[in-house]
4 protein chains.
Amino acid sequence: MESASNLLQSFQETRDVSLSLFAPLSAEDTSIQPIEDVSPPKWHLAHTTWYFETFILGMFCTDYKTYHPEYNYLFNSYYESIGERYLRAHRGNLSRPTSEEIIQYRKEIDNRVQDFFQNTGSKNQEALTLLELGIHHEQQHQELLLTDTKYILGHNPLFPKYQKTPPLKKPLQAIPLSYLDVPAGIYEIGHRDSEKFCFDNETGRHKQYLHAFQIANRLVTNEEYLQFIETGGYNNFEYWLSDGRAWVEKNKIYCPLYWLQENGKWYEYKLEGLQELDLSSPVTHVSYYEADAYASWQNSRLPTEFEWESAANIYTPKAAITGNFLDNAYIHPLPASSENLQFFGDVWEWTSSSYLPYPYYKRRKGALGEYNGKFMIDQMVLRGGSCATPKNHIRNTYRNFFQTNKRWQFTGIRLARHT
Amino acid sequence: MESASNLLQSFQETRDVSLSLFAPLSAEDTSIQPIEDVSPPKWHLAHTTWYFETFILGMFCTDYKTYHPEYNYLFNSYYESIGERYLRAHRGNLSRPTSEEIIQYRKEIDNRVQDFFQNTGSKNQEALTLLELGIHHEQQHQELLLTDTKYILGHNPLFPKYQKTPPLKKPLQAIPLSYLDVPAGIYEIGHRDSEKFCFDNETGRHKQYLHAFQIANRLVTNEEYLQFIETGGYNNFEYWLSDGRAWVEKNKIYCPLYWLQENGKWYEYKLEGLQELDLSSPVTHVSYYEADAYASWQNSRLPTEFEWESAANIYTPKAAITGNFLDNAYIHPLPASSENLQFFGDVWEWTSSSYLPYPYYKRRKGALGEYNGKFMIDQMVLRGGSCATPKNHIRNTYRNFFQTNKRWQFTGIRLARHT
Amino acid sequence: MESASNLLQSFQETRDVSLSLFAPLSAEDTSIQPIEDVSPPKWHLAHTTWYFETFILGMFCTDYKTYHPEYNYLFNSYYESIGERYLRAHRGNLSRPTSEEIIQYRKEIDNRVQDFFQNTGSKNQEALTLLELGIHHEQQHQELLLTDTKYILGHNPLFPKYQKTPPLKKPLQAIPLSYLDVPAGIYEIGHRDSEKFCFDNETGRHKQYLHAFQIANRLVTNEEYLQFIETGGYNNFEYWLSDGRAWVEKNKIYCPLYWLQENGKWYEYKLEGLQELDLSSPVTHVSYYEADAYASWQNSRLPTEFEWESAANIYTPKAAITGNFLDNAYIHPLPASSENLQFFGDVWEWTSSSYLPYPYYKRRKGALGEYNGKFMIDQMVLRGGSCATPKNHIRNTYRNFFQTNKRWQFTGIRLARHT
Amino acid sequence: MESASNLLQSFQETRDVSLSLFAPLSAEDTSIQPIEDVSPPKWHLAHTTWYFETFILGMFCTDYKTYHPEYNYLFNSYYESIGERYLRAHRGNLSRPTSEEIIQYRKEIDNRVQDFFQNTGSKNQEALTLLELGIHHEQQHQELLLTDTKYILGHNPLFPKYQKTPPLKKPLQAIPLSYLDVPAGIYEIGHRDSEKFCFDNETGRHKQYLHAFQIANRLVTNEEYLQFIETGGYNNFEYWLSDGRAWVEKNKIYCPLYWLQENGKWYEYKLEGLQELDLSSPVTHVSYYEADAYASWQNSRLPTEFEWESAANIYTPKAAITGNFLDNAYIHPLPASSENLQFFGDVWEWTSSSYLPYPYYKRRKGALGEYNGKFMIDQMVLRGGSCATPKNHIRNTYRNFFQTNKRWQFTGIRLARHT
């Protein structure tokens, strides 16, 4: 684990990033919840603060007096061990506390956390462990704050802009698609215990036998996906899982989320506003159903998470995690280049693996046992992080997971095939 | 009709009242929509402005250029003649335009309306008629702005206050319940054509034969309603309509909206905050089902709207419409006194009449034909205005109407019986 | 009231009619419930038997032993006074008791009822009153058995026939539409106490002032209604109540229930099978929304129930109730003739009156107080009986009632207008 | 593949078994569909017949004339390649064709199939392949016919009996729970191509590395599961997946399906009627959520399907598939004995593996490509067959699959753990 002072610095930097991501929003933007998946942006600011208050101050400060008696009820996300909580579906009904009040709450808790760790806390290993987890937890919510904001603004008929995009050298053209070989054999999967921080769902390093396979050298592009659309991919049941087909029909889906066709031209809403579709960028905001159907149409398939991790280990050695991350401030995927095979950053890559416990996985005791294990059903694993993920948050063993019909995250497609 | 200059003054006063009612709200309060019935407060500001822009400027100014190309789509409530409109249920998904932008919109349209009526508009009878309607329309939305605000704040676990209540001499005790006699005969119902402004649903003055009846001299109080609760009124099916019983069971209703019991004590949320229940004030925020069940429990009934109007004509002569209205700024019903039999103000009184067209009623042509007539089904008539109604908005022929299960308006109960 | 022996004869005749209506059904037909409104035909046989067992045998026979301990639970329709009951929506989940077992149940209860009334029962006025009510109750369920059967067979892709239609002289052409005058004045509405049996919702004979009006001399025909369809009536919001329009859009309604268009030709499912649409017959299986929209399109309106009753009194004197009833065995409306203005029989006529209590109406005490009063909300009154109503069941004061969106009864349209 | 004559004999035997399973039902039982999962029993008879008519007669008989023009529409389950189909959720709305008519349909198609294969068909390898698949398909529907019948009768308040149970020597006591060892290593999973018939989801024999583990020597018993209930297992969130907990709360689940507690005593509905709970029999009719929660409570887990198959290969050599199958006619699980470790028969065993394609799996072309592959998402694998499975239907590579919340199949629990 990092030293106490490093962690404390990291804590404050992370807290500051959250505030800066929040700054461009109007007070009205911060409070609404157009669908249950999307939390009001101010809720993320409050919930991450609640984490530090509950799991550090509340647990380790003697006679701790909570900042506000109702906040534990309002900002607990899903921890049943911590008591009753306000219903997720109703977060958008809460105009109070205002975002200003929540920023005050953050500042006060930041001070209290600093105080604690500059004193007794610095020697408290359990508290430091929870501090580190809290930093990674806040990074997860930074990504959600951005994707939720995108949903809020991108579904407003006025298509407001969240930001001006910084100038970036971006390749005009993605590299040609080719396939990388991975030989058959037994591979080690999961996080090494000796390594640095990881979430508990990555633990239980274990063996997987993989048959020989090939994996694409980059993500599927908008241009390629457009061909799938234009050749009738959404209307041909042969490519679709049965549930996927029902989802398409019920929701009248015919393109990725945030795409819009007007007068025969395709547009895509980005955080910088509504833009003409860039053909060479990776397709994003697709559901698992769409990813799987696209692969079927290509007579191909998605990689398993074990294949993905093994290929990432071989083709982008861990020492060199680079890519298009939140730190870039572009917050949209970019075309692949010969230096960037896109295993990391750009978009979360749907794998064909269900989110299930690794062998030997044990849920933690207590509240933090609710962090991951209880969600290990009916979700698919995504790998590699996205353009909205902080760079120092991702690992090659990192397991993200969503239900098959979710599209509001930066999700995308990499193909694989057996040899 | 009023003179153009009187109307224009009335217009500006009404517009200013709306802004002053809006002022205490946080930006976050103005944007959310916890249930479909409740519109975001800023929506009311925008929609009433849309009315003036669409039905006056858009119709009578040559080459009129709309303030914003999307606003007609966003702020049309239900006028199919005017074109496509944003779904009512999704009003709470719109963080933009912000409330600040909407206030700018109001100011600009106010100026344009002033300009128009200080020039050619002042001679345009049709435009003046629509101006007058627009003023009354805005007053309706003032009431809704308040009841929607009450819902938003009153359902927040923090129970924020909307306002400090002004000091008022209020009677400590309601006057004793007694019954007023109305003899049998043919009564004239509805608005006299010669009179001042009215909505089209009041027109078609016609005859109704009424059998002799008695009507209560005041509204039902919290104390009386509490007895209904405490003697098991909500659990005894005998008092309830079948649909009402299903509504009670499905929604686990056991008291009026905004009532709350803690440690055996009853509280009521008012716009001034959570307060101990005041026994002598009229019960409010009850559904038609509850009003009807209460009357059954009392071996009594609700008056028809014809009975109500006839009794109001007799017992509170029109010249003297007084009562506890929005102008009081108390915005909560108050106990009855011997000077105030509460026919007007305090709470809208549920009648046992369905909202149906009067004989000879004809829907207007064009968009304003959609104002009233198309809602004349499966709603019940309410009479008399409430503590949130502007005093100069109400008439003894005024017909309000809501579905039987609605409770977020200031609704209450007056009993009647045959003799 | 009828004499005991007359009632007993009437009882047995009515019971026999029910069985004969049931006879053409397959066992499979008798058990299913395609929508909540439609009860399985065998349920009607059982429920009407339950009535006699519960309200006569169970109440007046000392030490009465019920036929089956579960039947009170299974076949109670909605009487909360009688205890728990099986959910209406799940009636179609009950394959047992089989229809054969239910027929056995009927026979046994018939015998017990006969025994009782041939002995002590014949002097028991209260029991005789309930016997009479039970006969009329069973007649109501005969109509429902037929309309439910029609729904079951008419929604089967095989369109099975319920019966062969008896040969009938039927006019080839309906008489031309004209209007009958009714002068202004005070009219007496409701059942005379001195008269024979009526339901409690008809009691409370009272005065209504009616303005002068005209009422159509016959029902609206298929030909006339087809014009409404063909001139775009379903797509023009101006004719529709707001709720009606939402109903049309949500359910994609574009013609009456049981109509079907194939290769440009219209067909109608009747109990005798799928037939080409007969233009001169009355339109039927329309909702209140459709009836009201049709009237609007005609620049006309529906009569109130008071207008209907007054006109029926004038134009088809009570002594002469004739028409196309269940007794005809045709079970489909027929064209109007100069001898038959169709006030009675053919179709239930939607009125523009809400189903509300008459002045002085009081719910009965006990279970039978649940027969009518608790449904007096959010339903519209229909008058006159239909081709599925037993002739001796109907009266000019008879009030039927359904929700505005119901179409599976034989419902139709008669126009009225002010003069 | 079997010889043509063997297949034809097998065909007729299988068809006869279906009829004999159907025989005890009343016509009413055969037509209803209390929940969407449960098809009307007569539908199974018709659908399996439709299979032979569509995929054999329709494809290989020249100028084939279908038995009934609507049956392809009515009895297609989910094959989009075959055209439009009647909605699954509405199967219970079809009283016609009657069960008698469907039996006629079966007889006629049986004759036509016999004719075809006694002539040209006997040399048609593709037709014989589809015949063999059709036999196995019909066996699947025999099991569904029984579980659907159980749902229909077991949810009827009269609890009718389907059958009298044959006398069976059944052990009074299940053998004590112990654990069987399986060593780490690479295992071969899936069906050998050289072997006899299998479904396509079993193909793609491949390698899996398994860490060493132990697997229980028998299924979890009612007695053991009752302890889980009695120690509050359903109320303690720590044992439950998050979705499982939501499912328990929403549906108020507190015991397996078909269990019933009265006066402190537990009963279980079996096809022989309502019986006192037999403590030594395996628990059945539990969802995946319940199976997983039970395992958590035991500080244990469910086996993966790879572990299950490997253990079954070791501990119940293929040559000796024995167990309590449909052929027993008991149709309820029985206690384990030292000769019967219950890997096969009794109950389908929930595994912790998602239903996903094996490596190299390819969907077939054409309609039969819809048999399995399109369902490979958000379902869990079950292994081993049940007391309602025909003995000659099961294999150690057989993969059954259901959603996590399904309980109407004979599903049960076997524990596993890492060593």
# chains A, B, ... in the order shown; residues from 1 in each chain; ligands from 1
$ select_by_dssp --residues "stretch 7-202 of chain C" --states "strand (DSSP E or B)" --output "CSV table (one decimal) with N, CA and C atoms, in the first residue's frame"
chain,number,residue,atom,x,y,z
C,179,TYR,N,-85.4,13.2,-36.3
C,179,TYR,CA,-85.3,13.6,-34.9
C,179,TYR,C,-86.7,13.8,-34.3
C,180,LEU,N,-86.8,13.3,-33.1
C,180,LEU,CA,-88.1,13.4,-32.3
C,180,LEU,C,-88.0,14.5,-31.3
C,181,ASP,N,-89.0,15.3,-31.2
C,181,ASP,CA,-89.0,16.5,-30.3
C,181,ASP,C,-89.4,16.1,-28.8
C,182,VAL,N,-88.8,16.7,-27.9
C,182,VAL,CA,-89.2,16.6,-26.5
C,182,VAL,C,-89.2,18.0,-25.9
C,185,GLY,N,-89.2,21.2,-19.7
C,185,GLY,CA,-90.1,21.0,-18.6
C,185,GLY,C,-89.5,20.2,-17.4
C,186,ILE,N,-90.2,20.0,-16.4
C,186,ILE,CA,-89.8,19.2,-15.3
C,186,ILE,C,-90.3,17.8,-15.5
C,187,TYR,N,-89.4,16.8,-15.5
C,187,TYR,CA,-89.7,15.4,-15.7
C,187,TYR,C,-89.4,14.6,-14.5
C,188,GLU,N,-90.2,13.6,-14.3
C,188,GLU,CA,-90.0,12.6,-13.2
C,188,GLU,C,-89.1,11.5,-13.7
C,189,ILE,N,-88.1,11.2,-13.0
C,189,ILE,CA,-87.1,10.2,-13.4
C,189,ILE,C,-87.0,9.2,-12.3
$ interface_residues --of "chain C" --to "chain B" --cutoff "7 Å" --atoms "only C-alpha atoms" --output "PyMOL selection string"
chain C and resi 207-209+240-242+354+360+374-375+378+418
$ residues_around --residues "D:Ile82" --least-positions-apart "5" --cutoff "12 Å" --atoms "only C-alpha atoms" --output "list of chain:residue names"
A:Phe237, D:Trp50, D:Tyr51, D:Thr54, D:Phe55, D:Gly58, D:Met59, D:Asn72, D:Tyr73, D:Leu74, D:Phe75, D:Asn76, D:Ser77, D:Gly366, D:Ala367, D:Leu368, D:Gly369, D:Glu370
$ write_last_selection --atoms "C-alpha atoms" --output "PDB file, in the first residue's frame"
ATOM      1  CA  PHE A 237     -32.997 -11.818 -36.476  1.00  0.00           C
TER       2      PHE A 237
ATOM      3  CA  TRP D  50     -46.231 -29.035 -35.533  1.00  0.00           C
ATOM      4  CA  TYR D  51     -42.501 -29.803 -35.328  1.00  0.00           C
ATOM      5  CA  THR D  54     -43.129 -28.449 -40.383  1.00  0.00           C
ATOM      6  CA  PHE D  55     -39.609 -29.813 -40.317  1.00  0.00           C
ATOM      7  CA  GLY D  58     -43.403 -29.764 -44.900  1.00  0.00           C
ATOM      8  CA  MET D  59     -39.783 -29.941 -45.961  1.00  0.00           C
ATOM      9  CA  ASN D  72     -48.374 -23.106 -38.372  1.00  0.00           C
ATOM     10  CA  TYR D  73     -49.220 -19.714 -36.919  1.00  0.00           C
ATOM     11  CA  LEU D  74     -50.703 -21.087 -33.707  1.00  0.00           C
ATOM     12  CA  PHE D  75     -48.140 -23.702 -32.781  1.00  0.00           C
ATOM     13  CA  ASN D  76     -44.804 -22.243 -33.833  1.00  0.00           C
ATOM     14  CA  SER D  77     -43.030 -21.541 -30.551  1.00  0.00           C
ATOM     15  CA  GLY D 366     -31.767 -22.327 -40.888  1.00  0.00           C
ATOM     16  CA  ALA D 367     -34.619 -22.731 -38.457  1.00  0.00           C
ATOM     17  CA  LEU D 368     -32.886 -25.226 -36.195  1.00  0.00           C
ATOM     18  CA  GLY D 369     -30.151 -22.701 -35.613  1.00  0.00           C
ATOM     19  CA  GLU D 370     -32.749 -21.068 -33.421  1.00  0.00           C
TER      20      GLU D 370
END
$ residues_around --residues "stretch 270-280 of chain A" --least-positions-apart "6" --cutoff "10 Å" --atoms "only C-alpha atoms" --output "number ranges by chain"
A: 146-147, 149-151, 153-154, 158-166, 171-175, 220-226, 258-261, 330-332, 334-336
$ write_last_selection --atoms "C-alpha atoms" --output "PDB file, in the first residue's frame"
ATOM      1  CA  LEU A 146     -19.543  12.173 -16.770  1.00  0.00           C
ATOM      2  CA  THR A 147     -21.678   9.493 -18.378  1.00  0.00           C
ATOM      3  CA  THR A 149     -24.076  14.208 -17.370  1.00  0.00           C
ATOM      4  CA  LYS A 150     -23.803  13.108 -20.976  1.00  0.00           C
ATOM      5  CA  TYR A 151     -27.160  11.382 -20.694  1.00  0.00           C
ATOM      6  CA  LEU A 153     -27.439  16.889 -21.720  1.00  0.00           C
ATOM      7  CA  GLY A 154     -27.527  14.524 -24.670  1.00  0.00           C
ATOM      8  CA  LEU A 158     -31.334  21.763 -26.942  1.00  0.00           C
ATOM      9  CA  PHE A 159     -28.214  19.534 -26.946  1.00  0.00           C
ATOM     10  CA  PRO A 160     -26.229  21.781 -24.618  1.00  0.00           C
ATOM     11  CA  LYS A 161     -22.434  21.462 -24.578  1.00  0.00           C
ATOM     12  CA  TYR A 162     -20.642  20.297 -21.491  1.00  0.00           C
ATOM     13  CA  GLN A 163     -17.207  21.464 -22.574  1.00  0.00           C
ATOM     14  CA  LYS A 164     -15.070  22.750 -25.362  1.00  0.00           C
ATOM     15  CA  THR A 165     -12.770  19.984 -26.494  1.00  0.00           C
ATOM     16  CA  PRO A 166      -9.056  20.600 -26.107  1.00  0.00           C
ATOM     17  CA  PRO A 171      -5.161  10.358 -36.515  1.00  0.00           C
ATOM     18  CA  LEU A 172      -7.464  11.004 -39.441  1.00  0.00           C
ATOM     19  CA  GLN A 173      -7.759   7.346 -40.161  1.00  0.00           C
ATOM     20  CA  ALA A 174      -7.853   4.257 -37.941  1.00  0.00           C
ATOM     21  CA  ILE A 175      -5.244   1.606 -38.689  1.00  0.00           C
ATOM     22  CA  VAL A 220     -14.664  -1.586 -34.286  1.00  0.00           C
ATOM     23  CA  THR A 221     -15.093   1.829 -35.916  1.00  0.00           C
ATOM     24  CA  ASN A 222     -18.186   3.900 -36.613  1.00  0.00           C
ATOM     25  CA  GLU A 223     -17.631   3.261 -40.298  1.00  0.00           C
ATOM     26  CA  GLU A 224     -17.696  -0.491 -39.820  1.00  0.00           C
ATOM     27  CA  TYR A 225     -20.714  -0.319 -37.563  1.00  0.00           C
ATOM     28  CA  LEU A 226     -22.532   1.893 -40.034  1.00  0.00           C
ATOM     29  CA  TYR A 258     -26.530   9.360 -29.085  1.00  0.00           C
ATOM     30  CA  TRP A 259     -26.636   8.768 -32.833  1.00  0.00           C
ATOM     31  CA  LEU A 260     -29.174  10.796 -34.759  1.00  0.00           C
ATOM     32  CA  GLN A 261     -30.005  10.815 -38.421  1.00  0.00           C
ATOM     33  CA  TYR A 330     -11.220  14.733 -24.671  1.00  0.00           C
ATOM     34  CA  ILE A 331     -13.829  12.401 -23.139  1.00  0.00           C
ATOM     35  CA  HIS A 332     -14.654  10.700 -26.385  1.00  0.00           C
ATOM     36  CA  LEU A 334     -10.363   8.430 -30.780  1.00  0.00           C
ATOM     37  CA  PRO A 335      -9.170   6.428 -33.795  1.00  0.00           C
ATOM     38  CA  ALA A 336      -6.625   3.679 -33.244  1.00  0.00           C
TER      39      ALA A 336
END
$ residues_around --residues "C:Lys107" --least-positions-apart "5" --cutoff "12 Å" --atoms "only C-alpha atoms" --output "ChimeraX atom specification"
/C:12,15-16,19,45-46,49,52-53,67,100-102,112-114
$ write_last_selection --atoms "C-alpha atoms" --output "PDB file, in the first residue's frame"
ATOM      1  CA  GLN C  12     -86.349 -22.492 -12.654  1.00  0.00           C
ATOM      2  CA  ARG C  15     -81.820 -21.302 -14.419  1.00  0.00           C
ATOM      3  CA  ASP C  16     -82.642 -23.421 -17.434  1.00  0.00           C
ATOM      4  CA  LEU C  19     -77.732 -23.863 -19.035  1.00  0.00           C
ATOM      5  CA  LEU C  45     -72.758 -20.595 -13.921  1.00  0.00           C
ATOM      6  CA  ALA C  46     -71.038 -21.047 -10.590  1.00  0.00           C
ATOM      7  CA  THR C  49     -75.430 -20.493  -8.049  1.00  0.00           C
ATOM      8  CA  PHE C  52     -78.605 -18.519  -4.220  1.00  0.00           C
ATOM      9  CA  GLU C  53     -76.576 -20.673  -1.893  1.00  0.00           C
ATOM     10  CA  TYR C  67     -71.983 -27.707  -0.853  1.00  0.00           C
ATOM     11  CA  GLU C 100     -69.275 -30.694 -15.395  1.00  0.00           C
ATOM     12  CA  GLU C 101     -68.715 -30.324 -11.668  1.00  0.00           C
ATOM     13  CA  ILE C 102     -70.246 -26.875 -11.764  1.00  0.00           C
ATOM     14  CA  ARG C 112     -82.242 -27.241  -2.359  1.00  0.00           C
ATOM     15  CA  VAL C 113     -83.762 -23.889  -3.345  1.00  0.00           C
ATOM     16  CA  GLN C 114     -86.891 -25.622  -4.627  1.00  0.00           C
TER      17      GLN C 114
END
$ atom_distance --atom1 "atom CA of C:Ala23" --atom2 "atom CA of C:Gln342"
29.3 Å
$ residues_around --residues "C:Asp148" --least-positions-apart "3" --cutoff "12 Å" --atoms "only C-alpha atoms" --output "PyMOL selection string"
chain C and resi 21-22+25+29-44+141-145+151-155+162+271+388+407-410
$ atom_distance --atom1 "atom CA of C:Glu28" --atom2 "atom CA of D:Ser99"
8.0 Å
$ atom_distance --atom1 "atom CA of B:Thr316" --atom2 "atom CA of B:Gln9"
29.0 Å
$ decode --residues "stretch 188-201 of chain B" --atoms "N, CA, C and O atoms" --output "CSV table (one decimal), in the first residue's frame"
chain,number,residue,atom,x,y,z
B,188,GLU,N,-81.0,28.9,-11.6
B,188,GLU,CA,-80.2,29.2,-12.7
B,188,GLU,C,-78.8,28.9,-12.4
B,188,GLU,O,-78.2,29.4,-11.4
B,189,ILE,N,-78.1,28.2,-13.3
B,189,ILE,CA,-76.7,27.8,-13.0
B,189,ILE,C,-75.9,28.3,-14.2
B,189,ILE,O,-76.3,28.2,-15.4
B,190,GLY,N,-74.7,28.7,-13.9
B,190,GLY,CA,-73.7,29.1,-14.9
B,190,GLY,C,-73.6,30.6,-15.0
B,190,GLY,O,-74.3,31.4,-14.4
B,191,HIS,N,-72.7,31.0,-15.9
B,191,HIS,CA,-72.3,32.4,-16.0
B,191,HIS,C,-73.3,33.2,-16.8
B,191,HIS,O,-73.7,32.7,-17.8
B,192,ARG,N,-73.6,34.4,-16.4
B,192,ARG,CA,-74.4,35.3,-17.2
B,192,ARG,C,-73.6,35.8,-18.3
B,192,ARG,O,-72.5,36.3,-18.1
B,193,ASP,N,-74.1,35.8,-19.5
B,193,ASP,CA,-73.3,36.3,-20.7
B,193,ASP,C,-72.9,37.7,-20.5
B,193,ASP,O,-71.8,38.2,-20.9
B,194,SER,N,-73.7,38.5,-19.8
B,194,SER,CA,-73.5,39.9,-19.7
B,194,SER,C,-72.3,40.2,-18.7
B,194,SER,O,-71.7,41.2,-18.7
B,195,GLU,N,-72.0,39.2,-18.0
B,195,GLU,CA,-71.0,39.4,-16.9
B,195,GLU,C,-69.6,39.5,-17.5
B,195,GLU,O,-69.4,39.3,-18.7
B,196,LYS,N,-68.6,39.6,-16.6
B,196,LYS,CA,-67.2,39.8,-17.0
B,196,LYS,C,-66.7,38.4,-17.4
B,196,LYS,O,-67.4,37.4,-17.6
B,197,PHE,N,-65.3,38.4,-17.5
B,197,PHE,CA,-64.6,37.2,-18.0
B,197,PHE,C,-65.1,35.9,-17.3
B,197,PHE,O,-65.3,35.9,-16.1
B,198,CYS,N,-65.2,34.8,-18.1
B,198,CYS,CA,-65.3,33.5,-17.5
B,198,CYS,C,-64.7,32.5,-18.5
B,198,CYS,O,-64.5,32.8,-19.6
B,199,PHE,N,-64.4,31.3,-18.0
B,199,PHE,CA,-64.0,30.2,-18.9
B,199,PHE,C,-65.2,29.6,-19.6
B,199,PHE,O,-66.3,29.7,-19.1
B,200,ASP,N,-64.9,29.0,-20.7
B,200,ASP,CA,-66.0,28.5,-21.5
B,200,ASP,C,-66.8,27.4,-20.8
B,200,ASP,O,-68.0,27.2,-21.1
B,201,ASN,N,-66.2,26.7,-19.8
B,201,ASN,CA,-67.0,25.6,-19.2
B,201,ASN,C,-68.1,26.2,-18.2
B,201,ASN,O,-68.9,25.4,-17.8
